[in-house]
$ cat query-v7.csv   # CSV, C-alpha atoms and all ligand atoms
chain,number,residue,atom,x,y,z
A,1,MET,CA,3.4,149.9,-48.1
A,2,GLU,CA,5.2,153.3,-48.2
A,3,SER,CA,3.4,155.9,-46.1
A,4,ALA,CA,1.8,159.0,-47.7
A,5,ALA,CA,3.8,162.2,-47.7
A,6,VAL,CA,1.2,163.7,-45.4
A,7,GLU,CA,-1.8,162.0,-43.8
A,8,ILE,CA,-4.2,164.1,-41.8
A,9,ASP,CA,-7.3,162.5,-40.2
A,10,GLY,CA,-10.0,164.5,-38.3
A,11,LEU,CA,-7.6,167.4,-37.4
A,12,VAL,CA,-9.0,169.9,-35.0
A,13,LYS,CA,-7.2,173.2,-33.9
A,14,ARG,CA,-8.7,175.8,-31.6
A,15,TYR,CA,-7.5,179.3,-30.7
A,16,GLY,CA,-9.5,180.2,-27.6
A,17,ARG,CA,-13.1,180.1,-28.8
A,18,THR,CA,-12.2,180.1,-32.5
A,19,THR,CA,-12.2,176.6,-34.1
A,20,ALA,CA,-9.7,177.2,-36.9
A,21,ILE,CA,-9.6,173.6,-38.1
A,22,ASP,CA,-12.8,171.5,-37.7
A,23,GLY,CA,-12.2,167.8,-38.4
A,24,LEU,CA,-10.0,168.2,-41.5
A,25,THR,CA,-9.0,165.0,-43.4
A,26,LEU,CA,-6.6,164.9,-46.3
A,27,THR,CA,-3.8,162.9,-47.9
A,28,ALA,CA,-0.8,164.3,-49.8
A,29,ARG,CA,0.7,161.5,-51.9
A,30,ARG,CA,4.4,161.0,-52.3
A,31,GLY,CA,6.0,162.5,-55.4
A,32,GLU,CA,3.0,164.8,-56.0
A,33,VAL,CA,2.4,168.5,-55.7
A,34,THR,CA,-0.6,169.0,-53.4
A,35,ALA,CA,-2.1,172.5,-53.3
A,36,ILE,CA,-4.3,173.6,-50.4
A,37,LEU,CA,-6.6,176.4,-51.4
A,38,GLY,CA,-9.1,178.3,-49.2
A,39,PRO,CA,-10.3,181.8,-48.4
A,40,ASN,CA,-8.5,184.0,-45.9
A,41,GLY,CA,-8.8,182.4,-42.4
A,42,ALA,CA,-9.8,179.0,-43.8
A,43,GLY,CA,-7.1,177.2,-41.8
A,44,LYS,CA,-4.4,176.6,-44.4
A,45,THR,CA,-1.5,178.0,-42.4
A,46,SER,CA,-2.6,176.4,-39.2
A,47,THR,CA,-2.8,173.1,-41.0
A,48,ILE,CA,0.7,173.5,-42.5
A,49,GLU,CA,2.2,174.6,-39.3
A,50,ILE,CA,0.8,171.6,-37.4
A,51,CYS,CA,2.4,169.4,-40.1
A,52,GLU,CA,5.7,171.2,-39.7
A,53,GLY,CA,5.6,170.5,-36.0
A,54,PHE,CA,5.4,174.2,-35.1
A,55,ARG,CA,1.9,174.0,-33.7
A,56,GLN,CA,0.1,171.4,-31.5
A,57,ALA,CA,-3.2,169.9,-32.7
A,58,ASP,CA,-6.2,169.8,-30.4
A,59,GLY,CA,-7.5,166.6,-32.0
A,60,GLY,CA,-7.1,164.2,-34.8
A,61,VAL,CA,-4.0,162.4,-36.2
A,62,VAL,CA,-1.3,163.9,-38.4
A,63,ARG,CA,1.5,161.8,-40.0
A,64,VAL,CA,4.4,163.3,-42.0
A,65,LEU,CA,6.4,160.7,-43.9
A,66,GLY,CA,4.7,158.2,-41.6
A,67,LEU,CA,5.9,159.9,-38.5
A,68,ASP,CA,4.5,162.2,-35.8
A,69,PRO,CA,5.4,165.8,-36.9
A,70,ALA,CA,7.2,166.4,-33.6
A,71,ARG,CA,9.9,163.7,-34.4
A,72,PRO,CA,13.3,165.4,-34.7
A,73,GLU,CA,14.5,163.1,-37.5
A,74,LEU,CA,12.0,164.9,-39.8
A,75,ARG,CA,14.1,168.1,-39.7
A,76,ALA,CA,16.6,166.7,-42.2
A,77,ARG,CA,13.9,165.2,-44.5
A,78,VAL,CA,11.4,168.0,-44.6
A,79,GLY,CA,11.9,171.5,-46.1
A,80,VAL,CA,9.8,174.4,-44.7
A,81,MET,CA,9.1,177.8,-46.2
A,82,LEU,CA,7.2,179.9,-43.6
A,83,GLN,CA,4.8,182.7,-44.5
A,84,ALA,CA,6.9,185.1,-42.3
A,85,GLY,CA,10.5,184.5,-43.4
A,86,GLY,CA,12.1,182.9,-40.4
A,87,VAL,CA,15.5,184.5,-41.3
A,88,PRO,CA,17.5,186.7,-38.9
A,89,PRO,CA,17.1,190.3,-40.1
A,90,ALA,CA,20.9,191.1,-40.1
A,91,ALA,CA,21.9,187.9,-41.9
A,92,ARG,CA,23.4,188.4,-45.3
A,93,ALA,CA,21.4,186.4,-47.9
A,94,GLY,CA,24.4,184.3,-49.2
A,95,GLU,CA,25.9,183.7,-45.8
A,96,TRP,CA,22.5,182.6,-44.4
A,97,LEU,CA,22.0,180.1,-47.2
A,98,ARG,CA,25.6,178.7,-46.8
A,99,LEU,CA,24.9,178.3,-43.0
A,100,VAL,CA,21.6,176.5,-43.6
A,101,SER,CA,23.2,174.2,-46.1
A,102,ARG,CA,25.7,173.0,-43.5
A,103,PHE,CA,22.8,171.3,-41.6
A,104,TYR,CA,22.3,168.9,-44.4
A,105,ALA,CA,24.4,165.9,-45.6
A,106,ARG,CA,24.0,166.5,-49.4
A,107,PRO,CA,22.9,170.2,-49.8
A,108,LEU,CA,22.4,171.9,-53.1
A,109,ASP,CA,25.1,174.5,-54.0
A,110,PRO,CA,24.1,177.8,-52.3
A,111,ALA,CA,25.6,180.0,-55.1
A,112,ALA,CA,23.8,178.0,-57.8
A,113,LEU,CA,20.5,178.3,-56.0
A,114,LEU,CA,21.0,182.1,-55.5
A,115,ASP,CA,21.6,182.4,-59.2
A,116,ARG,CA,18.6,180.2,-60.1
A,117,LEU,CA,16.4,182.6,-58.1
A,118,GLY,CA,18.0,185.8,-59.4
A,119,LEU,CA,19.6,186.7,-56.1
A,120,THR,CA,23.3,186.6,-56.9
A,121,GLY,CA,23.5,190.4,-56.9
A,122,HIS,CA,22.0,190.4,-53.4
A,123,ALA,CA,24.2,187.7,-51.8
A,124,ARG,CA,25.8,190.3,-49.5
A,125,THR,CA,22.7,192.2,-48.7
A,126,PRO,CA,21.3,191.9,-45.1
A,127,TYR,CA,17.9,190.1,-45.2
A,128,ARG,CA,16.1,193.1,-43.7
A,129,ARG,CA,17.2,195.3,-46.7
A,130,LEU,CA,15.9,192.9,-49.3
A,131,SER,CA,12.6,193.6,-50.9
A,132,GLY,CA,9.6,191.5,-49.9
A,133,GLY,CA,9.8,189.4,-53.0
A,134,GLN,CA,13.6,188.9,-52.6
A,135,GLN,CA,13.0,187.8,-49.0
A,136,GLN,CA,10.4,185.3,-50.2
A,137,ARG,CA,12.9,183.9,-52.6
A,138,ILE,CA,15.5,183.4,-49.9
A,139,SER,CA,13.0,181.6,-47.7
A,140,LEU,CA,12.1,179.4,-50.7
A,141,ALA,CA,15.8,178.7,-51.3
A,142,ALA,CA,16.3,177.8,-47.6
A,143,ALA,CA,13.4,175.4,-47.8
A,144,VAL,CA,14.8,173.4,-50.7
A,145,ILE,CA,18.6,173.6,-50.1
A,146,GLY,CA,18.8,170.4,-48.1
A,147,ARG,CA,17.3,168.2,-50.9
A,148,PRO,CA,14.3,167.4,-48.8
A,149,GLU,CA,11.9,164.5,-49.5
A,150,LEU,CA,9.0,166.7,-48.7
A,151,VAL,CA,8.6,170.5,-48.9
A,152,PHE,CA,5.9,172.7,-47.3
A,153,LEU,CA,5.5,176.0,-49.1
A,154,ASP,CA,3.1,178.5,-47.5
A,155,GLU,CA,2.1,180.9,-50.2
A,156,PRO,CA,5.4,180.6,-52.0
A,157,SER,CA,4.7,183.2,-54.7
A,158,ALA,CA,2.9,185.8,-52.6
A,159,GLY,CA,4.4,189.2,-53.4
A,160,LEU,CA,6.6,187.9,-56.3
A,161,ASP,CA,6.8,189.8,-59.6
A,162,PRO,CA,5.9,187.8,-62.7
A,163,GLN,CA,9.6,186.8,-63.4
A,164,ALA,CA,10.2,185.6,-59.9
A,165,ARG,CA,6.9,183.8,-59.9
A,166,HIS,CA,7.9,181.9,-63.0
A,167,ALA,CA,11.3,181.1,-61.4
A,168,CYS,CA,9.4,179.8,-58.3
A,169,TRP,CA,7.1,177.6,-60.5
A,170,ASP,CA,10.1,176.2,-62.4
A,171,LEU,CA,11.7,175.3,-59.1
A,172,VAL,CA,8.6,173.5,-57.9
A,173,GLY,CA,8.4,171.7,-61.3
A,174,ASP,CA,12.0,170.6,-60.8
A,175,LEU,CA,11.3,169.3,-57.3
A,176,ARG,CA,8.4,167.3,-58.6
A,177,ARG,CA,10.5,165.8,-61.4
A,178,ALA,CA,13.1,164.9,-58.8
A,179,GLY,CA,10.4,162.9,-56.9
A,180,VAL,CA,10.1,165.4,-54.1
A,181,SER,CA,6.6,165.7,-52.5
A,182,VAL,CA,5.4,169.3,-52.3
A,183,VAL,CA,2.5,170.6,-50.2
A,184,LEU,CA,1.8,174.3,-50.9
A,185,THR,CA,-0.9,176.8,-50.1
A,186,THR,CA,-1.8,179.5,-52.5
A,187,HIS,CA,-4.4,182.1,-53.4
A,188,HIS,CA,-3.5,182.0,-57.0
A,189,MET,CA,-5.8,179.6,-58.8
A,190,ASP,CA,-3.6,179.6,-61.9
A,191,GLU,CA,-0.7,178.5,-59.8
A,192,ALA,CA,-2.6,175.6,-58.4
A,193,GLU,CA,-3.9,174.7,-61.9
A,194,LYS,CA,-0.4,174.8,-63.3
A,195,LEU,CA,1.5,173.1,-60.6
A,196,ALA,CA,-0.7,170.8,-58.6
A,197,ASP,CA,-1.5,167.1,-59.2
A,198,HIS,CA,-4.0,167.3,-56.4
A,199,VAL,CA,-6.0,170.3,-55.2
A,200,VAL,CA,-7.7,170.4,-51.8
A,201,ILE,CA,-10.1,173.3,-51.2
A,202,ILE,CA,-10.8,174.0,-47.6
A,203,ASP,CA,-13.3,176.4,-46.0
A,204,ARG,CA,-13.9,177.1,-42.3
A,205,GLY,CA,-11.4,174.4,-41.4
A,206,ARG,CA,-12.9,171.6,-43.4
A,207,VAL,CA,-12.3,170.1,-46.8
A,208,VAL,CA,-15.1,171.2,-49.2
A,209,ALA,CA,-13.7,169.6,-52.4
A,210,GLU,CA,-10.6,167.8,-53.7
A,211,GLY,CA,-9.3,166.2,-56.8
A,212,SER,CA,-7.0,166.9,-59.7
A,213,PRO,CA,-7.5,170.3,-61.3
A,214,ALA,CA,-9.1,168.6,-64.3
A,215,THR,CA,-11.5,166.6,-62.1
A,216,LEU,CA,-12.5,169.7,-60.2
A,217,THR,CA,-13.2,171.9,-63.2
A,218,GLY,CA,-15.0,169.1,-65.1
A,219,ALA,CA,-15.1,168.5,-68.9
A,220,GLU,CA,-18.1,170.6,-69.6
A,221,ARG,CA,-17.6,173.8,-71.5
A,222,GLN,CA,-19.4,177.1,-71.0
A,223,LEU,CA,-20.2,179.9,-73.3
A,224,ARG,CA,-19.0,183.2,-71.8
A,225,PHE,CA,-19.3,186.8,-72.9
A,226,ARG,CA,-19.4,190.3,-71.5
A,227,ALA,CA,-22.2,192.8,-72.2
A,228,ARG,CA,-24.1,195.5,-70.5
A,229,PRO,CA,-25.4,194.4,-67.0
A,230,GLY,CA,-29.0,193.3,-66.5
A,231,LEU,CA,-29.8,191.3,-69.7
A,232,ASN,CA,-33.0,189.4,-69.4
A,233,LEU,CA,-31.7,185.9,-69.1
A,234,ASP,CA,-35.1,184.3,-68.5
A,235,GLU,CA,-36.1,185.5,-72.0
A,236,LEU,CA,-32.8,184.1,-73.5
A,237,LEU,CA,-33.4,180.8,-71.8
A,238,THR,CA,-36.8,180.3,-73.4
A,239,GLY,CA,-35.0,179.9,-76.7
A,240,LEU,CA,-32.4,177.5,-75.5
A,241,PRO,CA,-32.7,173.7,-75.1
A,242,ASP,CA,-34.2,172.3,-71.9
A,243,GLY,CA,-31.6,171.9,-69.2
A,244,SER,CA,-29.6,174.9,-70.2
A,245,ALA,CA,-28.6,177.4,-67.6
A,246,ALA,CA,-27.7,181.1,-67.8
A,247,LYS,CA,-26.3,183.4,-65.1
A,248,GLU,CA,-24.7,186.9,-64.7
A,249,SER,CA,-21.8,186.8,-62.3
A,250,PRO,CA,-20.4,189.3,-61.6
A,251,ALA,CA,-22.4,192.1,-63.2
A,252,GLY,CA,-21.9,192.3,-67.0
A,253,HIS,CA,-20.3,188.8,-67.2
A,254,TYR,CA,-22.5,186.1,-68.6
A,255,ILE,CA,-22.1,182.3,-68.4
A,256,ILE,CA,-24.4,180.0,-70.4
A,257,GLU,CA,-24.3,176.2,-70.0
A,258,GLY,CA,-26.0,173.8,-72.3
A,259,PRO,CA,-27.9,170.7,-71.2
A,260,ALA,CA,-25.7,168.0,-69.6
A,261,SER,CA,-26.2,165.7,-72.6
A,262,ALA,CA,-25.2,168.2,-75.3
A,263,GLY,CA,-23.1,170.9,-73.6
A,264,VAL,CA,-22.4,174.0,-75.7
A,265,GLY,CA,-22.8,173.1,-79.3
A,266,PRO,CA,-23.1,175.2,-82.5
A,267,GLU,CA,-26.8,175.6,-82.2
A,268,LEU,CA,-26.7,177.0,-78.7
A,269,LEU,CA,-24.0,179.4,-79.8
A,270,ALA,CA,-26.0,180.5,-82.8
A,271,THR,CA,-29.1,181.0,-80.7
A,272,VAL,CA,-27.3,183.1,-78.1
A,273,THR,CA,-25.6,185.3,-80.7
A,274,ALA,CA,-28.9,185.7,-82.7
A,275,TRP,CA,-30.7,186.7,-79.4
A,276,CYS,CA,-27.9,189.2,-78.7
A,277,ALA,CA,-28.2,190.7,-82.2
A,278,ALA,CA,-32.0,191.0,-81.9
A,279,GLU,CA,-31.6,192.7,-78.5
A,280,GLY,CA,-28.9,195.1,-79.9
A,281,VAL,CA,-26.4,193.7,-77.5
A,282,THR,CA,-22.7,193.5,-78.4
A,283,ALA,CA,-21.2,190.4,-76.8
A,284,ASP,CA,-17.6,191.1,-76.0
A,285,ASP,CA,-14.9,188.5,-75.4
A,286,LEU,CA,-17.2,185.7,-76.4
A,287,SER,CA,-15.6,182.3,-75.7
A,288,ILE,CA,-16.3,178.7,-75.1
A,289,GLU,CA,-14.2,177.3,-72.3
A,290,ARG,CA,-14.1,174.9,-69.5
A,291,ARG,CA,-14.8,176.2,-66.0
A,292,THR,CA,-11.7,177.5,-64.3
A,293,LEU,CA,-10.5,176.5,-60.9
A,294,GLU,CA,-11.4,180.0,-59.8
A,295,ASP,CA,-15.1,179.4,-60.9
A,296,VAL,CA,-15.2,176.2,-58.8
A,297,PHE,CA,-13.5,177.9,-55.9
A,298,LEU,CA,-16.0,180.8,-55.8
A,299,GLU,CA,-19.0,178.4,-56.2
A,300,LEU,CA,-17.8,176.4,-53.3
A,301,THR,CA,-16.7,179.2,-50.9
A,302,GLY,CA,-18.9,182.1,-52.0
A,303,ARG,CA,-18.1,185.6,-52.9
A,304,GLU,CA,-18.3,187.3,-49.5
A,305,LEU,CA,-15.1,188.7,-48.0
A,306,ARG,CA,-13.5,186.9,-45.1
B,401,LIG,N1,-2.2,182.4,-33.2
B,401,LIG,C1,-3.5,182.6,-33.4
B,401,LIG,N2,-4.3,183.0,-32.4
B,401,LIG,C2,-5.7,183.2,-32.6
B,401,LIG,N3,-6.3,182.9,-33.7
B,401,LIG,C3,-5.6,182.5,-34.7
B,401,LIG,C4,-4.2,182.3,-34.6
B,401,LIG,N4,-3.7,181.8,-35.8
B,401,LIG,C5,-4.8,181.7,-36.6
B,401,LIG,N5,-5.9,182.1,-36.0
B,401,LIG,C6,-7.3,182.1,-36.5
B,401,LIG,O1,-7.5,180.8,-37.1
B,401,LIG,C7,-8.2,180.9,-38.3
B,401,LIG,C8,-7.4,180.2,-39.4
B,401,LIG,O2,-6.2,181.0,-39.6
B,401,LIG,P1,-5.1,180.5,-40.7
B,401,LIG,O3,-4.0,181.5,-40.6
B,401,LIG,O4,-4.8,179.1,-40.4
B,401,LIG,O5,-5.9,180.7,-42.0
B,401,LIG,P2,-5.3,180.7,-43.5
B,401,LIG,O6,-6.3,179.9,-44.3
B,401,LIG,O7,-3.9,180.4,-43.6
B,401,LIG,O8,-5.6,182.3,-43.9
B,401,LIG,P3,-4.8,183.3,-44.9
B,401,LIG,O9,-5.3,182.9,-46.3
B,401,LIG,O10,-5.4,184.6,-44.5
B,401,LIG,O11,-3.4,183.1,-44.7
B,401,LIG,C9,-8.5,182.4,-38.5
B,401,LIG,O12,-9.7,182.7,-38.1
B,401,LIG,C10,-7.4,183.1,-37.7
B,401,LIG,O13,-7.9,184.3,-37.3
$ encode --input "query-v7.csv" --output "structure tokens" --more "lines below"
Ligand SMILES: Nc1ncnc2c1ncn2[C@@H]1O[C@H](COP(=O)(O)OP(=O)(O)OP(=O)(O)O)[C@@H](O)[C@H]1O
Amino acid sequence: MESAAVEIDGLVKRYGRTTAIDGLTLTARRGEVTAILGPNGAGKTSTIEICEGFRQADGGVVRVLGLDPARPELRARVGVMLQAGGVPPAARAGEWLRLVSRFYARPLDPAALLDRLGLTGHARTPYRRLSGGQQQRISLAAAVIGRPELVFLDEPSAGLDPQARHACWDLVGDLRRAGVSVVLTTHHMDEAEKLADHVVIIDRGRVVAEGSPATLTGAERQLRFRARPGLNLDELLTGLPDGSAAKESPAGHYIIEGPASAGVGPELLATVTAWCAAEGVTADDLSIERRTLEDVFLELTGRELR
């Protein structure tokens, strides 16, 4: 049987007295986009860098395309986009990409890739003079130019403007269609929802949830609206069917869930709007939607800053 793109079992990584990764187990399947999400310091970059062979694990087993990450033959088969560039500051963008392309047997055309990422006009600019977002795009281009089987992208769209972010998403979509396995980290929940087949949420170095975006967010819908903070939700709940739930999170944002059997139906909607009218409350942006990945993420990892 063909091995998974990445297989991690019981991974442990310590930095002095800090346990950054604490028994993490996950599988990234071949041909899929796997997104690793987690708050700052959750252990995403450490995990990716161990898979890339840049860091040593303190425990557990990691296999990349079925091999130990330190195996040199993986260099030609795996593309890597680091969080911190990895490009010499004086290298001109176009020359750097041409140089990187020579390490591979069947590279993509550097000029076409530059064009694709909107960098043709910057081909002769030294890397250090590029903007942060342009540098990101060069790193992304370098990660994919060798037509890898597997690509690791650590926060690929961090610092990109909306146009560049869409170009990045398109590129990841193309990689997936070409059968390339992609493992990426991101803080953008919409990015994970849009791109990923499989989402892994980690916190304090452990997996706290995983599944497809649809599985994680569930099928149940919620009624949401904005109104003045501090509405008396206990009073509202007395008029709703048993098993309903109501919460204010954050202040002034209200979420009402119906009972598991019925969800949010027309009666619940009518009851809530009638209650608002009786209380003199104007409910803004009233909508009935599924939970977002961001809701799930915040429920699992909390709201305190890391
Ligand atoms: N070289 C290092 N030396 C000491 N501690 C480190 C080192 N690298 C990471 N850490 C610590 O390990 C933990 C995990 O860091 P890591 O960079 O893997 O998290 P992350 O999920 O990628 O965070 P972010 O979202 O902020 O990029 C953090 O507590 C961090 O401070």
$ residues_near_ligand --input "query-v7.csv" --ligand "ligand LIG 401 (chain B)" --cutoff "6 Å" --atoms "only C-alpha atoms and all ligand atoms" --output "list in words"
Tyr15, Ala20, Gly38, Pro39, Asn40, Gly41, Ala42, Gly43, Lys44, Thr45 and Ser46 of chain A
$ residues_around --input "query-v7.csv" --residues "Glu149 of chain A" --least-positions-apart "2" --cutoff "7 Å" --atoms "all atoms listed in the file" --output "VMD selection string"
chain A and resid 77 to 78 147 151 180 to 181
$ closest_residue --input "query-v7.csv" --among "A:Pro126, A:Gly205, A:Pro110, A:Gly173" --to "Thr25 of chain A" --atoms "all atoms listed in the file"
A:Gly205
$ residues_near_point --input "query-v7.csv" --point "(15.6, 160.9, -44.9)" --cutoff "12 Å" --atoms "all atoms listed in the file" --output "list in words"
Val64, Leu65, Gly66, Leu67, Pro72, Glu73, Leu74, Arg75, Ala76, Arg77, Val78, Gly79, Tyr104, Ala105, Arg106, Gly146, Arg147, Pro148, Glu149, Leu150 and Val180 of chain A
$ residues_around --input "query-v7.csv" --residues "Leu298 of chain A" --least-positions-apart "3" --cutoff "12 Å" --atoms "all atoms listed in the file" --output "ChimeraX atom specification"
/A:37-39,187,189,201-203,208-209,217,249-250,291-295,301-305
$ closest_residue --input "query-v7.csv" --among "A:Glu289, A:Val144, A:Trp275, A:Ala5" --to "Pro107 of chain A" --atoms "only C-alpha atoms"
A:Val144
$ closest_residue --input "query-v7.csv" --among "A:Glu299, A:Gly86, A:Val12, A:Arg176" --to "Arg55 of chain A" --atoms "all atoms listed in the file"
A:Val12
$ residues_near_point --input "query-v7.csv" --point "(3.4, 166.6, -52.7)" --cutoff "6 Å" --atoms "only C-alpha atoms" --output "list in words"
Ala28, Arg29, Arg30, Gly31, Glu32, Val33, Thr34, Ser181, Val182 and Val183 of chain A
$ atom_distance --input "query-v7.csv" --atom1 "atom CA of His166 of chain A" --atom2 "atom CA of Ala214 of chain A"
21.6 Å
$ atom_distance --input "query-v7.csv" --atom1 "atom CA of Ala251 of chain A" --atom2 "atom CA of Thr282 of chain A"
15.3 Å
$ closest_residue --input "query-v7.csv" --among "A:Leu113, A:Gly243, A:Glu2, A:Arg228" --to "Leu171 of chain A" --atoms "all atoms listed in the file"
A:Leu113
$ closest_residue --input "query-v7.csv" --among "A:Thr18, A:Phe297, A:Val264, A:Gly53" --to "Ala219 of chain A" --atoms "all atoms listed in the file"
A:Val264
$ atom_distance --input "query-v7.csv" --atom1 "atom CA of Asp58 of chain A" --atom2 "atom CA of Asp154 of chain A"
21.3 Å
$ residues_around --input "query-v7.csv" --residues "Asp242 of chain A" --least-positions-apart "4" --cutoff "9 Å" --atoms "all atoms listed in the file" --output "list of chain:residue names"
A:Leu237, A:Thr238, A:Gly258, A:Pro259
$ closest_residue --input "query-v7.csv" --among "A:Ala142, A:Leu236, A:Cys168, A:Val296" --to "Leu108 of chain A" --atoms "all atoms listed in the file"
A:Ala142
$ residues_around --input "query-v7.csv" --residues "Ala123 of chain A" --least-positions-apart "4" --cutoff "7 Å" --atoms "only C-alpha atoms" --output "PyMOL selection string"
chain A and resi 92-94+119
$ write_last_selection --input "query-v7.csv" --atoms "C-alpha atoms" --output "compact mmCIF listing (two decimals), keeping the file's coordinate frame"
# COMPACT_ATOMS: atom_id res chain seq x y z
CA ARG A 92 23.40 188.40 -45.30
CA ALA A 93 21.40 186.40 -47.90
CA GLY A 94 24.40 184.30 -49.20
CA LEU A 119 19.60 186.70 -56.10
$ residues_around --input "query-v7.csv" --residues "Val281 of chain A" --least-positions-apart "2" --cutoff "9 Å" --atoms "all atoms listed in the file" --output "list in words"
Ala227, Arg228, Leu231, Trp275, Cys276, Ala277, Ala278, Glu279 and Ala283 of chain A
$ axis_aligned_box --input "query-v7.csv" --around "segment 250-254 of chain A" --padding-each-side "3 Å" --output "lines of an AutoDock Vina configuration file"
center_x = -21.4
center_y = 189.2
center_z = -65.1
size_x = 8.2
size_y = 12.2
size_z = 13.0
